[in-house]
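Let me begin by presenting the structure, written as structure tokens, before commenting on it.
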Amino acid sequence: MENIKRTCIDCAVKNCNLQDKTYPDFCLTVNMDEGVLKEAMELYKEDENGRSMIAAAEVEYDFYGKLTRVEEIIEYAKKMGMKKLGIATCVGLLSESRVLADILRKRGFEVFGIACKAGVQKKDDLGIPERCNGIGENICNPILQAKMLNKEKTDLNIVMGLCVGHDSLFYKYSDALVTTLVTKDRVLAHNPVAALYTADFYYKRLKG
């Protein structure tokens with residue numbers, strides 16, 4: 001434990017937000033790589049980045065604690081001038097994605113959705129272990145999902161419960177900005193933070 005490099009996740013002060021306390025010795029604000037900071041700040045000057053930061057800040061301020069995430073996504077997309085929204089969904093969440101698409105269409109957006117199993121490709125063809133066929137022979141195809149939404153020239157893509165790792169590949173290959181509405185957790189009804197809230201009792205196995 002002594003070799004752990006302390007970072008923001010080890011801090012209980014949060015003075016970077018409050019600015020009313022002293023900073024801990026390991027604080028990244030105090031020990032900041034000024035070159036990295038400058039590079040990040042310069043990138044906000046790029047058109048899409050700057051507009052996204054302003055829109056996000058306005059949505060946060062105007063609707064703090066008032067709107068659901070579905071509504072916040074709608075407000076963000078409106079502020080960004082987005083017209084066409086993509087939905088990358090798990091087949092297990094197609095019902096929820098249809099409801100989302102209906103809501104978005106009624107708000108004036110064009111919606112294009114693609115499920116993870118589209119294209120019907122076999123796991124064996126990718127060298128995935130045969131035992132994984134026990135829950136289905138066809139792959140989830142997040143790269144295809146991203147490529148199809150890229151082809152449709154969506155302005156914003158919404159992730160609906162893609163598997164761990166599949167979501168990572170989708171983010172990697174999406175040309176459009178991506179936001180996540182549903183994070184998959186089959187055990188906790190897609191509420192993964194519940195495991196952290198209960199890590200000291202129900203899910204104490206998480207801490208070893």
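In the structure tokens, chains take letters A, B, ... by order of appearance, with residues numbered from 1 within each chain and ligands from 1 in the order shown.
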Can you list, as a PyMOL selection string, all residues belonging to segment 47-207 of chain A that DSSP tags as alpha helix (DSSP H)? chain A and resi 47-63+69-79+94-106+142-151+166-173+193-197
From a DSSP calculation on the backbone, collect every residue of segment 14-171 of chain A in strand (DSSP E) and output the set as JSON, numbers by chain. {"A": [84, 85, 86, 87, 88, 89, 110, 111, 112, 113, 114, 115, 156, 157, 158, 159, 160]}
Contacts of segment 163-172 of chain A at 6 Å (only C-alpha atoms; same-chain gap of 5+ positions) as a PyMOL selection string: chain A and resi 142-143+146
Restricting the calculation to only C-alpha atoms, which member of A:Thr179, A:Leu43, A:Arg98, A:Asp185 is positioned closest to Ala56 of chain A?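 Looking only at the distances to Ala56 of chain A, the closest residue turns out to be A:Thr179.
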Closest contacts (segment 93-129 of chain A/segment 82-89 of chain A, max 9 Å, only C-alpha atoms) as CSV:
residue,atom,partner,partner_atom,distance
A:Leu93,CA,A:Thr89,CA,6.4
A:Leu94,CA,A:Thr89,CA,6.6
A:Ser97,CA,A:Thr89,CA,6.8
A:Leu100,CA,A:Ile87,CA,8.9
A:Ala101,CA,A:Ile87,CA,8.0
A:Leu104,CA,A:Leu85,CA,8.3
A:Gly108,CA,A:Lys83,CA,7.8
A:Phe109,CA,A:Lys83,CA,5.3
A:Glu110,CA,A:Lys84,CA,4.6
A:Val111,CA,A:Leu85,CA,4.9
A:Phe112,CA,A:Gly86,CA,4.9
A:Gly113,CA,A:Ile87,CA,4.4
A:Ile114,CA,A:Ala88,CA,5.4
A:Ala115,CA,A:Thr89,CA,4.8
A:Cys116,CA,A:Thr89,CA,6.1
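Each of A:Cys90, A:Met148, A:Leu188, A:Val193 was checked against Ala176 of chain A using only C-alpha atoms; the smallest atom-to-atom distance is that of A:Met148.
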Excluding segment 28-32 of chain A and residues on its chain fewer than 6 positions from it, collect all residues at most 8 Å away from it, counting only C-alpha atoms, and give them as a VMD selection string. chain A and resid 7 to 8 16
Å distance separating atom CA of Arg107 of chain A from atom CA of Gly92 of chain A, one decimal place: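 Those two atoms sit 24.8 Å apart.
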